[in-house]
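Asker: Just one file: final11.cif, with mmCIF, C-alpha atoms and all ligand atoms.
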```cif
data_coords
#
loop_
_atom_site.group_PDB
_atom_site.id
_atom_site.type_symbol
_atom_site.label_atom_id
_atom_site.label_comp_id
_atom_site.auth_asym_id
_atom_site.auth_seq_id
_atom_site.Cartn_x
_atom_site.Cartn_y
_atom_site.Cartn_z
ATOM 1 C CA GLU A 127 -46.099 -3.996 105.893
ATOM 2 C CA ALA A 128 -49.259 -3.842 103.829
ATOM 3 C CA ASP A 129 -49.432 -4.864 100.205
ATOM 4 C CA VAL A 130 -48.564 -1.680 98.359
ATOM 5 C CA ALA A 131 -51.002 -2.092 95.488
ATOM 6 C CA GLY A 132 -53.628 -3.144 98.036
ATOM 7 C CA ASP A 133 -53.675 0.431 99.340
ATOM 8 C CA LEU A 134 -55.360 1.543 96.112
ATOM 9 C CA VAL A 135 -59.110 1.945 95.979
ATOM 10 C CA GLU A 136 -59.090 2.128 92.196
ATOM 11 C CA VAL A 137 -56.578 1.571 89.408
ATOM 12 C CA LEU A 138 -56.917 4.378 86.874
ATOM 13 C CA PHE A 139 -54.204 3.264 84.470
ATOM 14 C CA THR A 140 -52.454 -0.072 84.283
ATOM 15 C CA GLU A 141 -48.817 -0.467 83.309
ATOM 16 C CA GLU A 142 -49.945 -1.739 79.897
ATOM 17 C CA GLN A 143 -52.164 1.293 79.324
ATOM 18 C CA ILE A 144 -49.393 3.662 80.396
ATOM 19 C CA LEU A 145 -46.822 2.085 78.079
ATOM 20 C CA ALA A 146 -49.286 2.080 75.175
ATOM 21 C CA ARG A 147 -50.091 5.757 75.652
ATOM 22 C CA LEU A 148 -46.411 6.667 75.975
ATOM 23 C CA ALA A 149 -45.755 4.842 72.703
ATOM 24 C CA GLU A 150 -48.390 7.010 70.998
ATOM 25 C CA MET A 151 -46.881 10.147 72.488
ATOM 26 C CA ALA A 152 -43.453 9.016 71.306
ATOM 27 C CA LYS A 153 -44.725 8.678 67.744
ATOM 28 C CA ALA A 154 -46.002 12.263 67.820
ATOM 29 C CA ILE A 155 -42.726 13.501 69.286
ATOM 30 C CA GLU A 156 -40.695 11.625 66.663
ATOM 31 C CA ALA A 157 -42.732 13.248 63.900
ATOM 32 C CA ASP A 158 -42.517 16.761 65.354
ATOM 33 C CA TYR A 159 -38.758 16.682 65.959
ATOM 34 C CA GLU A 160 -37.766 14.781 62.834
ATOM 35 C CA GLY A 161 -34.340 15.895 61.658
ATOM 36 C CA GLU A 162 -33.806 18.030 64.778
ATOM 37 C CA ASP A 163 -31.555 17.552 67.746
ATOM 38 C CA LEU A 164 -33.506 16.826 70.960
ATOM 39 C CA LEU A 165 -32.697 17.273 74.632
ATOM 40 C CA VAL A 166 -35.183 15.652 76.999
ATOM 41 C CA VAL A 167 -35.284 17.143 80.492
ATOM 42 C CA GLY A 168 -36.846 15.176 83.339
ATOM 43 C CA VAL A 169 -38.172 16.908 86.442
ATOM 44 C CA LEU A 170 -37.010 15.038 89.524
ATOM 45 C CA ARG A 171 -38.304 13.108 91.224
ATOM 46 C CA GLY A 172 -41.765 12.286 89.934
ATOM 47 C CA ALA A 173 -40.799 12.120 86.276
ATOM 48 C CA VAL A 174 -38.289 9.301 86.654
ATOM 49 C CA MET A 175 -40.634 6.545 85.468
ATOM 50 C CA VAL A 176 -42.049 8.557 82.568
ATOM 51 C CA MET A 177 -38.546 9.539 81.490
ATOM 52 C CA ALA A 178 -37.396 5.946 81.520
ATOM 53 C CA ASP A 179 -40.325 4.645 79.502
ATOM 54 C CA LEU A 180 -40.934 7.592 77.160
ATOM 55 C CA SER A 181 -37.268 7.907 76.247
ATOM 56 C CA ARG A 182 -37.075 4.178 75.473
ATOM 57 C CA ALA A 183 -40.208 4.464 73.338
ATOM 58 C CA LEU A 184 -38.501 7.133 71.248
ATOM 59 C CA ASP A 185 -36.830 5.510 68.261
ATOM 60 C CA ARG A 186 -34.322 8.283 67.627
ATOM 61 C CA HIS A 187 -31.225 9.876 69.096
ATOM 62 C CA LEU A 188 -31.724 12.123 72.082
ATOM 63 C CA GLU A 189 -29.900 13.456 75.103
ATOM 64 C CA MET A 190 -31.240 13.349 78.639
ATOM 65 C CA ASP A 191 -30.735 15.793 81.463
ATOM 66 C CA TRP A 192 -32.454 16.384 84.794
ATOM 67 C CA MET A 193 -33.596 19.229 86.954
ATOM 68 C CA ALA A 194 -34.774 19.206 90.541
ATOM 69 C CA VAL A 195 -36.965 22.066 91.689
ATOM 70 C CA SER A 196 -38.823 22.846 94.878
ATOM 71 C CA SER A 197 -41.693 25.141 95.676
ATOM 72 C CA TYR A 198 -40.948 27.711 98.331
ATOM 73 C CA GLY A 199 -43.367 28.585 100.887
ATOM 74 C CA SER A 200 -45.739 28.180 103.640
ATOM 75 C CA GLY A 201 -47.403 24.852 104.054
ATOM 76 C CA THR A 202 -48.679 23.824 100.695
ATOM 77 C CA LYS A 203 -46.777 24.119 97.489
ATOM 78 C CA SER A 204 -48.413 25.867 94.592
ATOM 79 C CA SER A 205 -47.186 29.302 95.608
ATOM 80 C CA GLY A 206 -45.699 29.442 92.150
ATOM 81 C CA VAL A 207 -42.345 30.412 93.586
ATOM 82 C CA VAL A 208 -39.812 27.808 92.678
ATOM 83 C CA ARG A 209 -36.157 27.326 93.440
ATOM 84 C CA ILE A 210 -33.669 25.166 91.643
ATOM 85 C CA LEU A 211 -32.217 22.328 93.726
ATOM 86 C CA LYS A 212 -30.332 20.793 90.802
ATOM 87 C CA ASP A 213 -29.812 22.650 87.573
ATOM 88 C CA LEU A 214 -29.160 21.253 84.122
ATOM 89 C CA ASP A 215 -25.650 20.117 83.323
ATOM 90 C CA THR A 216 -26.315 21.077 79.705
ATOM 91 C CA ASP A 217 -26.069 24.420 77.923
ATOM 92 C CA ILE A 218 -29.424 24.546 76.134
ATOM 93 C CA SER A 219 -28.673 27.579 73.985
ATOM 94 C CA GLY A 220 -29.904 26.867 70.458
ATOM 95 C CA ARG A 221 -31.249 23.453 71.403
ATOM 96 C CA HIS A 222 -34.707 21.898 71.249
ATOM 97 C CA VAL A 223 -35.766 21.125 74.821
ATOM 98 C CA LEU A 224 -38.602 18.812 75.786
ATOM 99 C CA ILE A 225 -39.503 18.975 79.478
ATOM 100 C CA VAL A 226 -40.936 15.695 80.744
ATOM 101 C CA ASP A 227 -43.065 15.435 83.868
ATOM 102 C CA GLU A 228 -45.623 12.931 85.069
ATOM 103 C CA ILE A 229 -48.377 15.383 86.079
ATOM 104 C CA VAL A 230 -49.482 18.952 85.552
ATOM 105 C CA ASP A 231 -51.543 19.863 88.598
ATOM 106 C CA THR A 232 -51.750 23.635 89.099
ATOM 107 C CA GLY A 233 -49.227 24.054 86.301
ATOM 108 C CA LEU A 234 -47.179 26.443 88.422
ATOM 109 C CA THR A 235 -44.048 24.293 88.494
ATOM 110 C CA LEU A 236 -43.841 23.829 84.738
ATOM 111 C CA SER A 237 -44.929 27.391 83.993
ATOM 112 C CA TRP A 238 -41.995 28.628 86.031
ATOM 113 C CA LEU A 239 -39.671 26.065 84.492
ATOM 114 C CA VAL A 240 -40.615 26.965 80.930
ATOM 115 C CA SER A 241 -39.933 30.636 81.654
ATOM 116 C CA ASN A 242 -36.642 29.823 83.297
ATOM 117 C CA LEU A 243 -35.438 27.630 80.437
ATOM 118 C CA ALA A 244 -36.742 30.025 77.780
ATOM 119 C CA SER A 245 -34.477 32.739 79.184
ATOM 120 C CA ARG A 246 -31.479 30.582 78.260
ATOM 121 C CA HIS A 247 -32.216 31.005 74.547
ATOM 122 C CA PRO A 248 -33.056 27.464 73.497
ATOM 123 C CA ALA A 249 -34.319 26.827 69.967
ATOM 124 C CA SER A 250 -37.602 25.687 71.539
ATOM 125 C CA VAL A 251 -39.125 24.524 74.814
ATOM 126 C CA ARG A 252 -42.082 22.175 74.970
ATOM 127 C CA ILE A 253 -43.764 20.085 77.665
ATOM 128 C CA ALA A 254 -44.710 16.429 77.690
ATOM 129 C CA THR A 255 -46.741 15.140 80.632
ATOM 130 C CA LEU A 256 -48.430 11.837 81.251
ATOM 131 C CA LEU A 257 -51.274 13.347 83.296
ATOM 132 C CA ARG A 258 -52.969 16.709 83.541
ATOM 133 C CA LYS A 259 -55.730 17.933 85.863
ATOM 134 C CA PRO A 260 -57.673 20.563 83.905
ATOM 135 C CA GLU A 261 -59.773 21.492 86.948
ATOM 136 C CA ALA A 262 -56.667 22.263 89.008
ATOM 137 C CA VAL A 263 -54.682 24.286 86.483
ATOM 138 C CA LYS A 264 -54.079 27.839 87.659
ATOM 139 C CA VAL A 265 -52.049 29.213 84.791
ATOM 140 C CA ASP A 266 -52.325 29.303 81.042
ATOM 141 C CA LEU A 267 -49.820 26.597 80.185
ATOM 142 C CA ASP A 268 -49.193 25.272 76.712
ATOM 143 C CA VAL A 269 -48.649 21.500 77.013
ATOM 144 C CA ALA A 270 -47.647 19.972 73.702
ATOM 145 C CA TYR A 271 -48.014 16.307 74.671
ATOM 146 C CA VAL A 272 -50.537 14.994 77.216
ATOM 147 C CA GLY A 273 -51.199 11.365 78.031
ATOM 148 C CA TRP A 274 -54.546 11.812 79.769
ATOM 149 C CA ASP A 275 -56.609 14.537 81.353
ATOM 150 C CA ILE A 276 -57.886 13.305 84.716
ATOM 151 C CA PRO A 277 -60.324 14.558 87.385
ATOM 152 C CA ASN A 278 -58.990 16.556 90.314
ATOM 153 C CA GLU A 279 -58.348 13.525 92.518
ATOM 154 C CA PHE A 280 -55.238 12.546 94.434
ATOM 155 C CA VAL A 281 -53.379 9.900 92.461
ATOM 156 C CA VAL A 282 -50.297 7.849 93.247
ATOM 157 C CA GLY A 283 -47.987 5.432 91.504
ATOM 158 C CA TYR A 284 -45.652 5.488 88.543
ATOM 159 C CA GLY A 285 -43.597 8.283 90.108
ATOM 160 C CA LEU A 286 -46.458 9.966 91.958
ATOM 161 C CA ASP A 287 -46.132 9.860 95.732
ATOM 162 C CA TYR A 288 -48.087 10.207 98.944
ATOM 163 C CA ASN A 289 -45.611 11.159 101.680
ATOM 164 C CA GLU A 290 -42.859 9.817 99.405
ATOM 165 C CA ARG A 291 -44.443 6.373 99.131
ATOM 166 C CA TYR A 292 -46.109 4.645 96.156
ATOM 167 C CA ARG A 293 -43.755 6.055 93.534
ATOM 168 C CA ASN A 294 -42.690 2.488 92.729
ATOM 169 C CA LEU A 295 -46.156 1.244 91.786
ATOM 170 C CA ARG A 296 -46.324 0.167 88.151
ATOM 171 C CA CYS A 297 -49.880 1.465 87.801
ATOM 172 C CA ILE A 298 -51.546 4.759 88.684
ATOM 173 C CA GLY A 299 -54.468 4.765 91.087
ATOM 174 C CA THR A 300 -56.338 6.487 93.882
ATOM 175 C CA LEU A 301 -55.502 5.773 97.511
ATOM 176 C CA ALA A 302 -57.892 4.035 99.850
ATOM 177 C CA PRO A 303 -59.131 6.208 102.757
ATOM 178 C CA HIS A 304 -57.523 3.968 105.390
ATOM 179 C CA VAL A 305 -54.116 5.083 104.152
ATOM 180 C CA TYR A 306 -54.787 8.657 105.227
ATOM 181 C CA ALA A 307 -56.140 7.609 108.614
HETATM 182 C C1 LIG B 401 -45.164 17.225 91.608
HETATM 183 C C2 LIG B 401 -45.265 16.612 90.233
HETATM 184 C C3 LIG B 401 -45.057 17.789 89.323
HETATM 185 C C4 LIG B 401 -45.612 18.939 90.122
HETATM 186 C C5 LIG B 401 -46.945 19.329 89.575
HETATM 187 O O1 LIG B 401 -43.799 17.343 91.932
HETATM 188 O O2 LIG B 401 -44.259 15.645 90.062
HETATM 189 O O3 LIG B 401 -43.674 17.978 89.086
HETATM 190 O O4 LIG B 401 -45.762 18.502 91.473
HETATM 191 O O5 LIG B 401 -47.552 20.285 90.416
HETATM 192 P P1 LIG B 401 -47.996 21.713 89.906
HETATM 193 O O6 LIG B 401 -48.537 21.573 88.513
HETATM 194 O O7 LIG B 401 -49.084 22.110 90.890
HETATM 195 O O8 LIG B 401 -46.839 22.637 89.972
HETATM 196 P P2 LIG B 401 -43.331 17.692 93.414
HETATM 197 O O9 LIG B 401 -42.936 19.139 93.447
HETATM 198 O O10 LIG B 401 -44.372 17.276 94.409
HETATM 199 O O11 LIG B 401 -42.011 16.846 93.627
HETATM 200 P P3 LIG B 401 -41.677 15.344 93.165
HETATM 201 O O12 LIG B 401 -41.637 15.340 91.657
HETATM 202 O O13 LIG B 401 -40.332 15.089 93.748
HETATM 203 O O14 LIG B 401 -42.734 14.429 93.705
HETATM 204 MG MG MG B 402 -42.412 16.641 90.255
#
```
Please, can you express the file's structure as structure tokens?
Answerer:
Amino acid sequence: EADVAGDLVEVLFTEEQILARLAEMAKAIEADYEGEDLLVVGVLRGAVMVMADLSRALDRHLEMDWMAVSSYGSGTKSSGVVRILKDLDTDISGRHVLIVDEIVDTGLTLSWLVSNLASRHPASVRIATLLRKPEAVKVDLDVAYVGWDIPNEFVVGYGLDYNERYRNLRCIGTLAPHVYA
């Protein structure tokens, strides 16, 4: 079995950089939700690492819940049609909801999710994402908290997978060509 990190051709963000950026995002979130109740919703499975580190960077009370969603459709995802595999356990009516994901690619997943959650009459719904690919976004999506905008390259690590692998990398990087071969 090859060295996992050795499959990267380039490290884009180290663990230290990721934690530092999440701490900055947490400060902004603390300020914006001061005095308010907060429910943080992680999008399984990619958001697990961001949820763990962002929630621990938040120096305030919060609740955590999870959703799992899947894109329908032929071949590639990004049809924009989404189904719920695991719904919230929480009634979000009247509550401030912060959806946490690790990447906004086309934006179709979170666009659908925001609409779905908004129909449940929360006090507010916002998005926090560690990464966003502006060149790949297909919908007008309001993202309140973004770690970094990145080029439209395939990235893995820190929750991001290639064929379900590499999610457990502490850093985020681009895969070496031999991995695809
Ligand atoms: C990935 C990623 C985001 C979503 C972004 O999840 O974690 O949730 O795709 O893509 P989009 O902006 O084009 O909709 P995926 O559905 O691959 O499942 P995973 O989180 O289990 O890896
Ligand atoms: Mg995901």
Asker: Could you state the separation of atom CA of Met175 of chain A and atom CA of Asn294 of chain A in Å, given to one decimal place?
Answerer: 8.6 Å
Asker: Write out as a compact mmCIF listing (two decimals) with C-alpha atoms, in the frame of the given file which residues come within 6 Å of segment 129-136 of chain A when counting all atoms listed in the file, dropping same-chain ones fewer than 6 positions away.
Answerer:
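Just written: result26.txt:
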```txt
# COMPACT_ATOMS: atom_id res chain seq x y z
CA GLY A 299 -54.47 4.76 91.09
CA THR A 300 -56.34 6.49 93.88
CA LEU A 301 -55.50 5.77 97.51
CA ALA A 302 -57.89 4.04 99.85
```
Asker: Please evaluate the PyMOL selection byres (((not hetatm)) within 8 of (chain B and resi 401)) against the displayed coordinates and give the resulting residues as number ranges by chain.
Answerer: A: 169-173, 194-197, 203-204, 206, 227-237, 262-263, 285-287, 290
Asker: When distances are computed from all atoms listed in the file, which of A:Tyr198, A:Lys153, A:Val208, A:Leu295 shows the smallest separation from Leu239 of chain A?
Answerer: A:Val208
Asker: Figure out the distance between atom CA of Met193 of chain A and atom CA of Asp179 of chain A, please, to one decimal in Å.
Answerer: 17.7 Å
Asker: List as a list in words the protein and nucleic acid residues near segment 141-145 of chain A, meaning an atom at most 10 Å away when all atoms listed in the file are counted, but skip any in the same chain fewer than 5 places from it.
Answerer: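 That gives Glu150, Met151, Val176, Asp179, Leu180, Ala183, Leu256, Gly273, Trp274, Tyr284, Leu295, Arg296, Cys297 and Ile298 of chain A.
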Asker: Which one is closest to ligand MG 402 (chain B): A:Val265, A:Ala244, A:Ala270, A:Met177? Count only C-alpha atoms and all ligand atoms.
Answerer: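 Of all the options, A:Met177 lies closest to ligand MG 402 (chain B).
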Asker: Using all atoms listed in the file, can you tell me which of A:Gly168, A:Pro260, A:Gly283, A:Pro248 comes closest to ligand MG 402 (chain B)?
Answerer: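 Answer, going by the shortest atom-to-atom distance: A:Gly168.
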Asker: What does the PyMOL selection byres (((chain A and resi 162) around 10) and not hetatm) select in this file, as an mmCIF file with C-alpha atoms, in the coordinates of the input?
Answerer:
```cif
data_model
loop_
_atom_site.group_PDB
_atom_site.id
_atom_site.type_symbol
_atom_site.label_atom_id
_atom_site.label_comp_id
_atom_site.auth_asym_id
_atom_site.auth_seq_id
_atom_site.Cartn_x
_atom_site.Cartn_y
_atom_site.Cartn_z
ATOM 1 C CA GLU A 156 -40.695 11.625 66.663
ATOM 2 C CA ASP A 158 -42.517 16.761 65.354
ATOM 3 C CA TYR A 159 -38.758 16.682 65.959
ATOM 4 C CA GLU A 160 -37.766 14.781 62.834
ATOM 5 C CA GLY A 161 -34.340 15.895 61.658
ATOM 6 C CA ASP A 163 -31.555 17.552 67.746
ATOM 7 C CA LEU A 164 -33.506 16.826 70.960
ATOM 8 C CA LEU A 165 -32.697 17.273 74.632
ATOM 9 C CA HIS A 187 -31.225 9.876 69.096
ATOM 10 C CA LEU A 188 -31.724 12.123 72.082
ATOM 11 C CA ARG A 221 -31.249 23.453 71.403
ATOM 12 C CA HIS A 222 -34.707 21.898 71.249
#
```
Asker: How far is it from atom CA of Ser250 of chain A to atom CA of Leu184 of chain A, in Å with one decimal?
Answerer: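 These two atoms are separated by 18.6 Å.
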Asker: Of the candidates A:Val207, A:Val174, A:Ser181, A:Gly220, which shows the shortest atom-to-atom distance to ligand MG 402 (chain B), using only C-alpha atoms and all ligand atoms?
Answerer: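 Going through A:Val207, A:Val174, A:Ser181, A:Gly220 one by one, the smallest distance to ligand MG 402 (chain B) is for A:Val174.
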Asker: Which is closest to Arg182 of chain A among A:Val282, A:Ile253, A:Leu148, A:Ile210, if we use all atoms listed in the file?
Answerer: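 The answer is A:Leu148, which sits nearest to Arg182 of chain A.
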Asker: Residues within 10 Å of Glu261 of chain A, please, as a tab-separated table (two decimals) with C-alpha atoms, in the frame of the given file. Count all atoms listed in the file; anything in the same chain fewer than 4 positions from it doesn't count.
Answerer:
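The file below, out10.tsv, is the result:
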```tsv
chain	number	residue	atom	x	y	z
A	231	ASP	CA	-51.54	19.86	88.60
A	232	THR	CA	-51.75	23.64	89.10
A	275	ASP	CA	-56.61	14.54	81.35
A	276	ILE	CA	-57.89	13.30	84.72
A	277	PRO	CA	-60.32	14.56	87.38
A	278	ASN	CA	-58.99	16.56	90.31
A	279	GLU	CA	-58.35	13.52	92.52
```
Asker: Some atoms are missing, so please complete segment 148-173 of chain A with N, CA and C atoms and return it as an mmCIF file, in the frame of the given file.
Answerer:
```
data_model
loop_
_atom_site.group_PDB
_atom_site.id
_atom_site.type_symbol
_atom_site.label_atom_id
_atom_site.label_comp_id
_atom_site.auth_asym_id
_atom_site.auth_seq_id
_atom_site.Cartn_x
_atom_site.Cartn_y
_atom_site.Cartn_z
ATOM 1 N N LEU A 148 -47.731 6.066 76.166
ATOM 2 C CA LEU A 148 -46.411 6.667 75.975
ATOM 3 C C LEU A 148 -45.874 6.364 74.575
ATOM 4 N N ALA A 149 -46.190 5.186 74.062
ATOM 5 C CA ALA A 149 -45.755 4.842 72.703
ATOM 6 C C ALA A 149 -46.417 5.751 71.678
ATOM 7 N N GLU A 150 -47.697 6.075 71.894
ATOM 8 C CA GLU A 150 -48.390 7.010 70.998
ATOM 9 C C GLU A 150 -47.788 8.404 71.093
ATOM 10 N N MET A 151 -47.502 8.833 72.305
ATOM 11 C CA MET A 151 -46.881 10.147 72.488
ATOM 12 C C MET A 151 -45.511 10.186 71.820
ATOM 13 N N ALA A 152 -44.782 9.082 71.921
ATOM 14 C CA ALA A 152 -43.453 9.016 71.306
ATOM 15 C C ALA A 152 -43.535 9.155 69.793
ATOM 16 N N LYS A 153 -44.552 8.556 69.201
ATOM 17 C CA LYS A 153 -44.725 8.678 67.744
ATOM 18 C C LYS A 153 -44.935 10.136 67.351
ATOM 19 N N ALA A 154 -45.751 10.845 68.104
ATOM 20 C CA ALA A 154 -46.002 12.263 67.820
ATOM 21 C C ALA A 154 -44.728 13.084 67.991
ATOM 22 N N ILE A 155 -43.975 12.780 69.026
ATOM 23 C CA ILE A 155 -42.726 13.501 69.286
ATOM 24 C C ILE A 155 -41.709 13.225 68.179
ATOM 25 N N GLU A 156 -41.613 11.971 67.767
ATOM 26 C CA GLU A 156 -40.695 11.625 66.663
ATOM 27 C C GLU A 156 -41.030 12.426 65.414
ATOM 28 N N ALA A 157 -42.308 12.531 65.111
ATOM 29 C CA ALA A 157 -42.732 13.248 63.900
ATOM 30 C C ALA A 157 -42.411 14.740 64.017
ATOM 31 N N ASP A 158 -42.688 15.311 65.181
ATOM 32 C CA ASP A 158 -42.517 16.761 65.354
ATOM 33 C C ASP A 158 -41.051 17.187 65.359
ATOM 34 N N TYR A 159 -40.178 16.322 65.836
ATOM 35 C CA TYR A 159 -38.758 16.682 65.959
ATOM 36 C C TYR A 159 -37.896 15.987 64.897
ATOM 37 N N GLU A 160 -38.520 15.509 63.851
ATOM 38 C CA GLU A 160 -37.766 14.781 62.834
ATOM 39 C C GLU A 160 -36.668 15.673 62.245
ATOM 40 N N GLY A 161 -35.461 15.147 62.213
ATOM 41 C CA GLY A 161 -34.340 15.895 61.658
ATOM 42 C C GLY A 161 -33.734 16.925 62.606
ATOM 43 N N GLU A 162 -34.307 17.053 63.805
ATOM 44 C CA GLU A 162 -33.806 18.030 64.778
ATOM 45 C C GLU A 162 -33.080 17.318 65.912
ATOM 46 N N ASP A 163 -32.168 18.040 66.524
ATOM 47 C CA ASP A 163 -31.555 17.552 67.746
ATOM 48 C C ASP A 163 -32.593 17.649 68.870
ATOM 49 N N LEU A 164 -32.505 16.817 69.881
ATOM 50 C CA LEU A 164 -33.506 16.826 70.960
ATOM 51 C C LEU A 164 -32.851 16.555 72.309
ATOM 52 N N LEU A 165 -33.127 17.464 73.243
ATOM 53 C CA LEU A 165 -32.697 17.273 74.632
ATOM 54 C C LEU A 165 -33.948 17.095 75.488
ATOM 55 N N VAL A 166 -34.038 15.957 76.149
ATOM 56 C CA VAL A 166 -35.183 15.652 76.999
ATOM 57 C C VAL A 166 -34.788 15.919 78.448
ATOM 58 N N VAL A 167 -35.602 16.734 79.121
ATOM 59 C CA VAL A 167 -35.284 17.143 80.492
ATOM 60 C C VAL A 167 -36.345 16.595 81.442
ATOM 61 N N GLY A 168 -35.932 15.735 82.347
ATOM 62 C CA GLY A 168 -36.846 15.176 83.339
ATOM 63 C C GLY A 168 -36.834 16.006 84.613
ATOM 64 N N VAL A 169 -38.025 16.128 85.213
ATOM 65 C CA VAL A 169 -38.172 16.908 86.442
ATOM 66 C C VAL A 169 -38.204 15.938 87.628
ATOM 67 N N LEU A 170 -37.105 15.921 88.359
ATOM 68 C CA LEU A 170 -37.010 15.038 89.524
ATOM 69 C C LEU A 170 -38.004 15.477 90.604
ATOM 70 N N ARG A 171 -38.607 14.516 91.376
ATOM 71 C CA ARG A 171 -38.304 13.108 91.224
ATOM 72 C C ARG A 171 -39.418 12.360 90.489
ATOM 73 N N GLY A 172 -40.578 12.981 90.436
ATOM 74 C CA GLY A 172 -41.765 12.286 89.934
ATOM 75 C C GLY A 172 -41.656 11.772 88.516
ATOM 76 N N ALA A 173 -40.835 12.435 87.705
ATOM 77 C CA ALA A 173 -40.799 12.120 86.276
ATOM 78 C C ALA A 173 -39.884 10.945 85.927
#
```
